[in-house]
Structures are given as C-alpha cells and as structure tokens.
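Visitor: So here's final33.cif (mmCIF, C-alpha atoms).
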data_protein
#
loop_
_atom_site.label_atom_id
_atom_site.label_comp_id
_atom_site.auth_asym_id
_atom_site.auth_seq_id
_atom_site.Cartn_x
_atom_site.Cartn_y
_atom_site.Cartn_z
CA MET A 20 179.26 101.94 215.91
CA THR A 21 176.53 104.34 214.88
CA ARG A 22 177.32 107.68 216.54
CA ALA A 23 180.08 110.08 215.57
CA SER A 24 181.58 110.35 219.04
CA LEU A 25 185.13 111.48 219.63
CA ASP A 26 185.89 108.15 221.35
CA LYS A 27 186.58 106.05 218.28
CA GLU A 28 187.95 102.71 219.45
CA PRO A 29 190.38 101.30 216.85
CA HIS A 30 188.80 97.83 216.90
CA GLU A 31 185.35 99.34 216.32
CA VAL A 32 186.58 101.44 213.40
CA ALA A 33 188.34 98.41 211.91
CA ALA A 34 185.22 96.27 212.27
CA MET A 35 183.06 98.96 210.67
CA PHE A 36 185.30 99.17 207.62
CA ASP A 37 185.61 95.39 207.43
CA GLY A 38 181.84 95.44 206.99
CA VAL A 39 181.85 97.90 204.07
CA ALA A 40 184.94 96.54 202.31
CA ARG A 41 183.23 94.38 199.69
CA ARG A 42 181.54 97.27 197.86
CA TYR A 43 183.43 100.20 199.33
CA ASP A 44 184.88 101.58 196.08
CA LEU A 45 181.54 101.40 194.29
CA THR A 46 179.68 103.04 197.18
CA ASN A 47 182.14 105.93 197.33
CA THR A 48 181.84 106.57 193.60
CA VAL A 49 178.04 106.55 193.77
CA LEU A 50 177.80 108.78 196.86
CA SER A 51 180.29 111.30 195.46
CA GLY A 52 178.77 111.37 191.99
CA GLY A 53 182.09 110.17 190.58
CA ARG A 54 184.05 113.06 192.10
CA ASP A 55 186.16 110.67 194.19
CA ARG A 56 188.38 110.09 191.14
CA MET A 57 189.07 113.82 190.82
CA TRP A 58 189.78 114.15 194.53
CA ARG A 59 192.36 111.35 194.35
CA LYS A 60 194.07 112.97 191.36
CA GLU A 61 194.18 116.37 193.07
CA THR A 62 195.74 114.77 196.14
CA ARG A 63 198.47 113.21 194.01
CA LEU A 64 199.18 116.51 192.26
CA ALA A 65 199.28 118.43 195.56
CA LEU A 66 201.96 116.09 196.90
CA GLY A 67 204.27 116.91 193.98
CA LEU A 68 205.77 113.43 194.02
CA LYS A 69 208.87 112.59 192.02
CA PRO A 70 210.10 109.22 190.70
CA GLY A 71 212.12 107.43 193.35
CA GLU A 72 210.48 109.15 196.31
CA LYS A 73 208.65 107.15 198.96
CA VAL A 74 205.11 108.10 200.00
CA LEU A 75 202.91 106.62 202.72
CA ASP A 76 199.19 106.43 201.96
CA LEU A 77 197.63 106.16 205.40
CA GLY A 78 194.04 104.96 205.70
CA ALA A 79 194.47 103.48 202.23
CA GLY A 80 191.59 101.04 202.49
CA THR A 81 191.41 99.00 199.29
CA GLY A 82 194.44 100.77 197.82
CA VAL A 83 192.65 102.71 195.09
CA SER A 84 194.29 105.91 196.38
CA THR A 85 197.68 104.17 196.65
CA LEU A 86 197.45 103.11 193.02
CA GLU A 87 196.72 106.71 192.02
CA LEU A 88 199.81 107.92 193.91
CA SER A 89 202.01 105.34 192.18
CA ARG A 90 201.19 106.95 188.83
CA SER A 91 203.64 109.70 189.80
CA GLY A 92 206.54 107.25 189.65
CA ALA A 93 207.01 107.38 193.41
CA TYR A 94 207.03 104.22 195.52
CA ALA A 95 203.65 104.30 197.26
CA VAL A 96 202.84 102.13 200.28
CA GLY A 97 199.28 101.84 201.58
CA ALA A 98 198.46 101.20 205.23
CA ASP A 99 195.13 100.68 206.96
CA ILE A 100 193.76 99.32 210.23
CA SER A 101 191.00 97.31 208.52
CA VAL A 102 192.19 93.87 207.43
CA GLY A 103 188.95 93.40 205.52
CA MET A 104 189.63 96.48 203.43
CA LEU A 105 193.20 95.38 202.76
CA GLN A 106 192.07 91.92 201.69
CA ALA A 107 189.53 93.41 199.30
CA GLY A 108 192.25 95.67 197.92
CA GLN A 109 194.76 92.87 197.45
CA ALA A 110 192.17 90.85 195.55
CA LYS A 111 191.52 93.77 193.17
CA ARG A 112 195.02 95.29 193.04
CA PRO A 113 197.64 92.64 193.84
CA GLU A 114 200.41 94.88 192.50
CA VAL A 115 199.80 97.55 195.19
CA PRO A 116 201.82 97.17 198.44
CA LEU A 117 199.35 97.25 201.34
CA LEU A 118 199.90 96.49 205.01
CA ALA A 119 197.94 96.50 208.26
CA ALA A 120 198.91 99.36 210.58
CA ASP A 121 197.52 101.52 213.37
CA ALA A 122 197.85 105.22 212.54
CA LEU A 123 198.80 105.92 216.17
CA HIS A 124 201.65 103.38 216.16
CA LEU A 125 203.06 103.19 212.65
CA PRO A 126 205.49 100.30 212.00
CA PHE A 127 208.09 102.49 210.30
CA ALA A 128 211.36 104.03 211.44
CA ASP A 129 211.74 107.76 211.94
CA GLN A 130 212.12 109.83 208.75
CA THR A 131 211.28 106.98 206.37
CA PHE A 132 209.08 108.80 203.84
CA ASP A 133 209.45 111.82 201.59
CA ALA A 134 205.72 112.43 201.85
CA VAL A 135 202.66 111.14 203.68
CA THR A 136 198.99 111.48 202.87
CA ILE A 137 195.67 110.43 204.32
CA SER A 138 192.32 110.66 202.54
CA PHE A 139 188.93 110.57 204.23
CA ALA A 140 190.32 108.67 207.22
CA LEU A 141 191.80 111.17 209.68
CA ARG A 142 188.39 111.88 211.21
CA ASN A 143 188.02 108.15 212.03
CA ILE A 144 191.13 108.08 214.25
CA ALA A 145 190.58 108.39 217.99
CA ASP A 146 193.36 110.95 218.57
CA THR A 147 193.80 113.37 215.66
CA ASP A 148 196.73 115.19 217.27
CA ALA A 149 198.65 111.98 217.98
CA ALA A 150 198.05 110.75 214.42
CA LEU A 151 199.40 113.99 212.95
CA ALA A 152 202.47 113.77 215.19
CA GLU A 153 203.02 110.14 214.24
CA MET A 154 202.84 111.04 210.54
CA ALA A 155 205.43 113.74 211.18
CA ARG A 156 207.67 111.21 212.92
CA VAL A 157 207.91 108.93 209.87
CA THR A 158 208.39 111.84 207.42
CA LYS A 159 211.79 113.26 206.53
CA PRO A 160 212.50 116.89 207.55
CA GLY A 161 211.05 119.13 204.88
CA GLY A 162 208.81 116.33 203.64
CA ARG A 163 205.21 116.94 202.63
CA LEU A 164 201.86 116.13 204.15
CA VAL A 165 198.60 116.29 202.22
CA ILE A 166 195.27 115.55 203.89
CA CYS A 167 192.21 115.08 201.73
CA GLU A 168 189.15 115.19 203.94
CA PHE A 169 185.51 116.19 203.97
CA SER A 170 185.14 119.76 205.20
CA THR A 171 182.71 122.68 205.40
CA PRO A 172 181.19 124.17 202.22
CA THR A 173 181.93 127.89 202.05
CA TRP A 174 178.65 129.11 200.49
CA ARG A 175 175.89 129.11 203.11
CA PRO A 176 172.98 128.01 200.86
CA PHE A 177 175.05 125.15 199.44
CA ARG A 178 176.18 124.20 202.96
CA ALA A 179 172.57 123.78 204.04
CA VAL A 180 171.78 121.60 201.02
CA TYR A 181 174.90 119.52 201.62
CA GLN A 182 174.10 118.93 205.28
CA GLY A 183 170.63 117.84 204.28
CA TYR A 184 172.19 115.40 201.81
CA LEU A 185 174.39 113.92 204.52
CA VAL A 186 171.43 113.20 206.78
CA GLY A 187 168.66 112.50 204.32
CA ALA A 188 170.22 111.04 201.20
CA ILE A 189 173.34 109.09 202.15
CA PRO A 190 171.58 106.38 204.25
CA PRO A 191 169.02 105.38 201.58
CA ILE A 192 171.64 105.43 198.81
CA ALA A 193 173.97 103.32 200.96
CA LYS A 194 171.18 100.78 201.47
CA ARG A 195 171.10 100.24 197.72
CA VAL A 196 174.83 99.90 197.04
CA SER A 197 176.76 99.27 200.28
CA SER A 198 177.50 95.91 201.88
CA ASN A 199 176.99 97.53 205.33
CA PRO A 200 174.66 100.55 204.98
CA ASP A 201 174.42 101.23 208.74
CA ALA A 202 178.09 102.24 208.74
CA TYR A 203 177.25 105.19 206.49
CA VAL A 204 175.04 106.70 209.18
CA TYR A 205 178.17 106.99 211.32
CA LEU A 206 180.23 108.26 208.40
CA ALA A 207 177.70 111.01 207.63
CA GLU A 208 177.62 112.06 211.29
CA SER A 209 181.41 112.08 211.52
CA ILE A 210 181.57 114.50 208.58
CA LYS A 211 179.17 116.91 210.31
CA ALA A 212 181.17 116.72 213.56
CA TRP A 213 184.54 117.33 211.89
CA PRO A 214 186.42 120.69 212.28
CA ASP A 215 186.24 123.21 209.46
CA GLN A 216 189.21 124.18 207.30
CA ALA A 217 190.72 126.62 209.78
CA GLY A 218 190.18 124.27 212.70
CA LEU A 219 192.01 121.40 211.03
CA SER A 220 194.83 123.71 209.90
CA ALA A 221 195.45 124.71 213.51
CA LYS A 222 195.69 121.07 214.57
CA ILE A 223 198.17 120.31 211.79
CA ALA A 224 200.37 123.29 212.71
CA ASP A 225 200.41 122.22 216.38
CA ASN A 226 201.71 118.73 215.61
CA GLY A 227 204.97 118.91 213.71
CA TRP A 228 204.06 120.70 210.47
CA ARG A 229 204.77 124.20 209.10
CA LYS A 230 203.53 126.38 206.24
CA VAL A 231 200.09 124.84 206.57
CA ALA A 232 197.58 125.87 203.94
CA TRP A 233 194.39 124.50 202.44
CA ARG A 234 192.53 124.52 199.14
CA ASN A 235 188.85 123.78 198.74
CA LEU A 236 187.50 121.24 196.27
CA THR A 237 183.86 120.97 195.20
CA GLY A 238 182.93 124.17 197.00
CA GLY A 239 184.46 123.07 200.31
CA VAL A 240 182.76 119.67 200.47
CA VAL A 241 186.36 118.45 200.46
CA ALA A 242 189.51 120.35 201.39
CA LEU A 243 193.16 119.58 200.69
CA HIS A 244 195.40 120.59 203.58
CA ARG A 245 199.15 120.68 202.97
CA GLY A 246 202.06 121.12 205.34
CA PHE A 247 205.81 120.55 205.53
CA ARG A 248 207.68 118.56 208.16
CA ILE A 249 209.48 120.79 210.66
#
Write out the structure in this file as structure tokens.
Guide:
Amino acid sequence: MTRASLDKEPHEVAAMFDGVARRYDLTNTVLSGGRDRMWRKETRLALGLKPGEKVLDLGAGTGVSTLELSRSGAYAVGADISVGMLQAGQAKRPEVPLLAADALHLPFADQTFDAVTISFALRNIADTDAALAEMARVTKPGGRLVICEFSTPTWRPFRAVYQGYLVGAIPPIAKRVSSNPDAYVYLAESIKAWPDQAGLSAKIADNGWRKVAWRNLTGGVVALHRGFRI
C-alpha cells in the first residue's frame, strides 16, 4: 500500500501498521521532533475528562495515547485494527486495556462512552463519514469527540516548507528509524490528500456531532477538532 487513495482496504491498512509496529513510537517521536508528546497532552486536555468517565481511544495503536488519557482518572480503552500494533503495545504497556476493533463496526453497545477520540488515524479509514457516525453511536448524548489529526498549515510560506518536508524528508528519516519505511511514503501522501480544517469540520457536523470547532497546533500542522454528540 503505497498510494494515498481513498479506497483504503481495512486489511491493507492493518498489514501496513503491523509492519511499522516494532518501532512506531520511536519513529513518530523522531519525525515530529518530539511534538507528539505535546499533541497527546493537548488531546487529553481538550476532552476535559473526569475521574470515573469512560473514554474510547480509537486508532490507539500501541496504546501510548490511551495511557496519556488515563492520566485524567478516566477509564480509557484503546482500540485498533492492527493486531501487530496492539501486541507491541501490550508488551510495552500491559496495564493499558487494548482490543482489536474495526472503526466501521465497533464492538460496543450504543451510548457506552462519555467521550471518544481518535489521533492520526481517521484519515486511514476507508469511509470517514461512516467512522464518524459509528463513533457517535457509541457515545452518550452530549458526550465529547476530539480528533487530533494532521491538517493544513495556515501560513503560506510555512505550508510550502512543510509540504516539502512530507515529500522530501520523511522517507529518508523513516529509512533510518522505522521497521517498515515504505509505509511512511503512504502516510506522507495521505496527509497531503486529507481535507483542511474547515473540510473536516463539515464532515464531523454531518455525522452526528454539533458545536464543532477546531484549534490549530504547531501552526496548523495538526488540528484538534471537537464536537458534542447530538
């Protein structure tokens, strides 16, 4: 899987992430210059979690984001389609509850969670609209959604530099630190093909969420989108 097409077959996405699982956390930290830690913290703060609440961390991968969410005192459950990522996460973080799940067919009853979040994974799902609707299904009325995802830098000169980084710098860096560097060619392309902040907000609002707003991080390299369950 090397092209960022809109036809992302679940088994292909799972296989791709199985291949990067072994050094996934390290690669993300290197490629982001360590900003991944700040992005995870900002996601937790945006959710406004309280002790005793239940939060679903979709696309959790190795569970590093799930662990961050649990620091709020809420009960955080991580779910991902890649068994390889989950196995790597369980080896590193056995205390974090992680389970295999397809974002389009979540194995939870209606209105199970007080909040749901997904970080850097929504763009890898074949049907964005269906995934947003499925997240709404498992969230209680009035519950929160926070999406942390790569987006479009707002300052034009910086945007040009960033796009050059995606194409020219990510592949060679990934070759040095990733267990499957070819996957990062796809990941870089998927970032470029992804909707901007306003485009994603419209999708969220059309699929079960209200009061949708976003906040840029790192100049718009990443955006936090938040909504409330209708």
Visitor: I'd like to see the residues matched by the PyMOL selection byres ((chain A and resi 174) around 12) on this file, and ideally I'd get them as a ChimeraX atom specification.
Guide: /A:171-173,175-181,235,237-240
Visitor: Apply the PyMOL selection byres ((chain A and resi 156) around 12) to the structure shown and report the selected residues as a PyMOL selection string.
Guide: chain A and resi 122-135+149-155+157-162+164+226-228+248-249
Visitor: Evaluate the PyMOL selection byres ((chain A and resi 30-37) around 8) and record the selected residues as a CSV table (one decimal) with C-alpha atoms, keeping the file's coordinate frame, following the chain and residue labels used in the document.
Guide:
chain,number,residue,atom,x,y,z
A,20,MET,CA,179.3,101.9,215.9
A,27,LYS,CA,186.6,106.0,218.3
A,28,GLU,CA,188.0,102.7,219.4
A,29,PRO,CA,190.4,101.3,216.8
A,38,GLY,CA,181.8,95.4,207.0
A,39,VAL,CA,181.8,97.9,204.1
A,40,ALA,CA,184.9,96.5,202.3
A,100,ILE,CA,193.8,99.3,210.2
A,101,SER,CA,191.0,97.3,208.5
A,102,VAL,CA,192.2,93.9,207.4
A,103,GLY,CA,189.0,93.4,205.5
A,104,MET,CA,189.6,96.5,203.4
A,143,ASN,CA,188.0,108.2,212.0
A,202,ALA,CA,178.1,102.2,208.7
Visitor: Near Val83 of chain A, within 10 Å and counting all atoms listed in the file, which residues show up once chain neighbours fewer than 4 positions away are dropped, as a list in words?
Guide: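 Contacts, in chain order: Asp44, Arg56, Arg59, Ala79, Glu87, Leu88, Gly97, Gly108, Lys111, Arg112 and Val115 of chain A.
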Visitor: Can you tell me how far atom CA of Thr136 of chain A sits from atom CA of Asp76 of chain A, in Å to one decimal?
Guide: 5.1 Å
Visitor: Would you pick out the contacts of Asp148 of chain A at 9 Å or less, using all atoms listed in the file, so that residues sharing its chain but fewer than 6 positions from it are not included, and give the list as number ranges by chain?
Guide: A: 222-223, 225-226
Visitor: Would you work out the distance separating atom CA of Gly80 of chain A from atom CA of Ala95 of chain A, expressed in Å to one decimal?
Guide: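 The value is 13.5 Å.
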Visitor: For atom CA of Arg54 of chain A and atom CA of Lys69 of chain A, quote the distance in Å rounded to one decimal.
Guide: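 That distance, rounded to one decimal, is 24.8 Å.
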Visitor: Taking only C-alpha atoms into account, which of A:Arg245, A:Phe139, A:Ala224, A:Ser91 comes nearest Ile210 of chain A?
Guide: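 Among the listed residues, the smallest separation from Ile210 of chain A belongs to A:Phe139.
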Visitor: Need to verify the contact set: Asn47 of chain A, 12 Å, all atoms listed in the file, exclusion of same-chain residues closer than 2 positions in sequence. Can you return it as JSON, numbers by chain?
Guide: {"A": [39, 40, 41, 42, 43, 44, 45, 49, 50, 51, 52, 53, 54, 55, 56, 58, 59, 80, 81, 83, 139, 189, 192, 193, 196, 197, 198, 200, 203, 206]}
Visitor: Go through A:Leu243, A:Val186, A:Ile144, A:Ala207 and flag the residue nearest Glu168 of chain A, using only C-alpha atoms for the distances.
Guide: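 The answer is A:Leu243, which sits nearest to Glu168 of chain A.
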Visitor: Using all atoms listed in the file for the distances, tell me which of A:Ala65, A:Leu105, A:Ala140, A:Ala188 is nearest to His244 of chain A.
Guide: A:Ala65
Visitor: Of the candidates A:Leu141, A:Leu75, A:Ala93, A:Leu64, which one gets nearest to Pro214 of chain A if we count all atoms listed in the file?
Guide: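 Residue with the minimum atom-to-atom distance to Pro214 of chain A: A:Leu141.
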Visitor: Between A:Met57, A:Leu185, A:Ala217, A:Ala98, which is the closest to Val204 of chain A once you count only C-alpha atoms?
Guide: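 Residue with the minimum atom-to-atom distance to Val204 of chain A: A:Leu185.
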